[in-house]
Each structure stands twice: as C-alpha cells, then as structure tokens.
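See below for the structure under consideration.
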Amino acid sequence: IFDFNNASTFLLMTSKRLPGLEKLFREAARRYGIDWTLLAAMSYQESHWSPEAISPTGVRGLMMLTTDTAGDLEVGDRVDPRQSVDGGARYFRALLDKIPDRISDPDRTWLALAAYNIGYQHLEDARILAQKAGNNPDAWRDVRKFLPLLEDDKWHVQTEYGKARGGEAVRYVENIRLYRDILRWNYSSEEEKQPRQRKWSNWVALSPVSLDAM
C-alpha cells in the first residue's frame, strides 16, 4: 500500500538506485513508445529497482518477469538489467496494443498496467463483470471496482478464467500512477514544479528512511 513512508523511501531511491538505471528505462521507453517515467515507476513497484529481486512465486528481475513470459520474449537472463527492462517494456507494449482501439488514454494505460500484474484474461473477466453490471468496461474508474471481486467465491465462479488477486492489481496500478507523477515532477523544470509543490508536501513524509535492509 502506498503511504507516507513508501513515498519517502521512493524519493530516496530515486537518488540511490535510479541514476544507474535511468538510461535503460529511457532507451527501452523510446524503443517501444512508452513514457520512460511510467516504465521506471513500474519497475520500482515490481522490484524497488533491484536487479536481483525475486518473489515467492519465482518471478525475477527489475521487471519481475515470469519464466514463461521471459521465454516468450526470448529473455535469456531475467536478472540482467538490460534484458529485463527491454523484456518488460516489450511485454507492456504488447498489452497496450491488445487493449481495444476504441479505448483511449489514460484508461488504456491503466488497463494495460492491470493486465501486466494480473494477466490479460483476468482483466477481461473484470471488464465483462463491469459490463454485465451496467458499468463501463472501457473506463478504469469502473473496472477497478470489479477487479477485487475476482477474489470473491461468489463472483469469480461467474468468470471464464477464475479466481485472481484483483485487489492487488488495483493497488498496483494506483501505486504506479503516484510513482510516475513523482518522477515527472522530479524531472520537470523549476517553473513546472511550483504549481505541484504544495500537493506533494501534503503527503510526502520528510523524515529519513533507512535503506540498509533494502
């Protein structure tokens, strides 16, 4: 969950780890037509910018690719930063392209992010539930309400692809949105920063956070 301590840690990590990875994010983003701050925010949410990161389910690397996804993308070494970032960017680009053409940004991006986390099939299940309930399956504000229902036995039995951690997907997207906004602010000019200064100061914790264990 994104909170004040998470925000402080993130800001500190932008000076500790991001400088050594920024070029990779910029290059991959340019190659696949993605906002580099979004790609960097995704990587932070996935791995805290740690190339050696590994989850209990076995996903690894900066972009936390599964063995199957890495194989499909011909990523030979998931913990190699360049291969991981390139693979993750390619996979995200493929998801963006898979979203129906009628859906425009920012909904297109938020839905693709959810698919990156939970899988495209489960995203489609949530969109179908939203549509059946009279909501807009093309709008993130509506789909996000139905993703958590994929965890509920009453609801997931109505879907084609079954149970999934939909609540986690919602938190995933919302965290990345905030991380991306912070990065955009951090890399904007001083003139651009001024209107946003008060907004960040309202919720970013300024107390130091220890990174020794990270």
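Chain labels follow the order of the structure tokens: the first chain is A, the next B, and so on; residue numbering restarts at 1 in every chain, and ligands are counted from 1 in their shown order.
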
Neighbouring residues of range 140-151 of chain A were defined as those with any atom within 10 Å, considering only C-alpha atoms; residues of the same chain fewer than 6 positions away were excluded. Please report them as an MDAnalysis selection string. chainID A and resid 106:111 114 118 122:131 133:134 157:159 161:171 173:174

What are the closest atom pairs, with distances in Å to one decimal, for all residues of range 72-109 of chain A lying within 7 Å of range 17-36 of chain A? Consider only C-alpha atoms, order rows by chain and residue number, and present the result as CSV.
residue,atom,partner,partner_atom,distance
A:Arg82,CA,A:Leu24,CA,6.3
A:Val85,CA,A:Phe25,CA,6.7
A:Asp86,CA,A:Ala28,CA,5.5
A:Ala89,CA,A:Ala28,CA,6.4
A:Arg90,CA,A:Tyr32,CA,6.6
A:Arg93,CA,A:Tyr32,CA,6.4

Distance CA of Ser55 in chain A-CA of Met42 in chain A, one decimal place? 15.4 Å

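In terms of minimum interatomic distance to Pro51 in chain A, A:Ser84 ranks closest within A:Ser84, A:Asn117, A:Ser8, A:Ser15, counting only C-alpha atoms.
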
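Within 8 Å of Ala112 in chain A, once only C-alpha atoms are used and residues closer than 4 positions along the same chain are dropped, the contacting residues are Phe92, Leu95, Leu96, Ile99, Arg108, Tyr116 and Tyr120 of chain A.
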
Let me see the file: selected residues, N, CA and C atoms, as a compact mmCIF listing (two decimals), in the first residue's frame.
# COMPACT_ATOMS: atom_id res chain seq x y z
N PHE A 92 4.79 -4.94 -21.98
CA PHE A 92 3.80 -3.90 -21.70
C PHE A 92 3.29 -3.29 -23.00
N LEU A 95 0.70 -5.52 -24.41
CA LEU A 95 -0.56 -5.40 -23.69
C LEU A 95 -1.31 -4.13 -24.09
N LEU A 96 -0.56 -3.05 -24.24
CA LEU A 96 -1.18 -1.80 -24.69
C LEU A 96 -1.84 -2.00 -26.05
N ILE A 99 -5.22 -3.94 -25.93
CA ILE A 99 -6.42 -3.24 -25.45
C ILE A 99 -7.20 -2.73 -26.67
N ARG A 108 -6.53 3.44 -21.28
CA ARG A 108 -5.78 2.40 -21.98
C ARG A 108 -4.54 1.98 -21.18
N TYR A 116 -0.72 -6.28 -16.87
CA TYR A 116 0.67 -6.66 -16.60
C TYR A 116 0.77 -7.37 -15.27
N TYR A 120 -3.90 -10.63 -18.80
CA TYR A 120 -4.91 -10.02 -19.66
C TYR A 120 -6.27 -10.73 -19.54

Name the residues in contact with Gly61 in chain A at a cut-off of 8 Å, using only C-alpha atoms, excluding same-chain residues fewer than 6 positions from it; report them as a list of chain:residue names. A:Ser47, A:Ser50, A:Pro51, A:Glu52, A:Ala53, A:Ile54, A:Arg78, A:Val79, A:Asp80, A:Pro81, A:Ser84

From A:Ala41, A:Tyr91, A:Lys98, A:His48, residue lying nearest Leu65 in chain A [only C-alpha atoms]: A:Tyr91

Proximity to Ile176 in chain A - best of A:Thr37, A:Asn135, A:Thr9, A:Thr57, only C-alpha atoms: A:Thr37
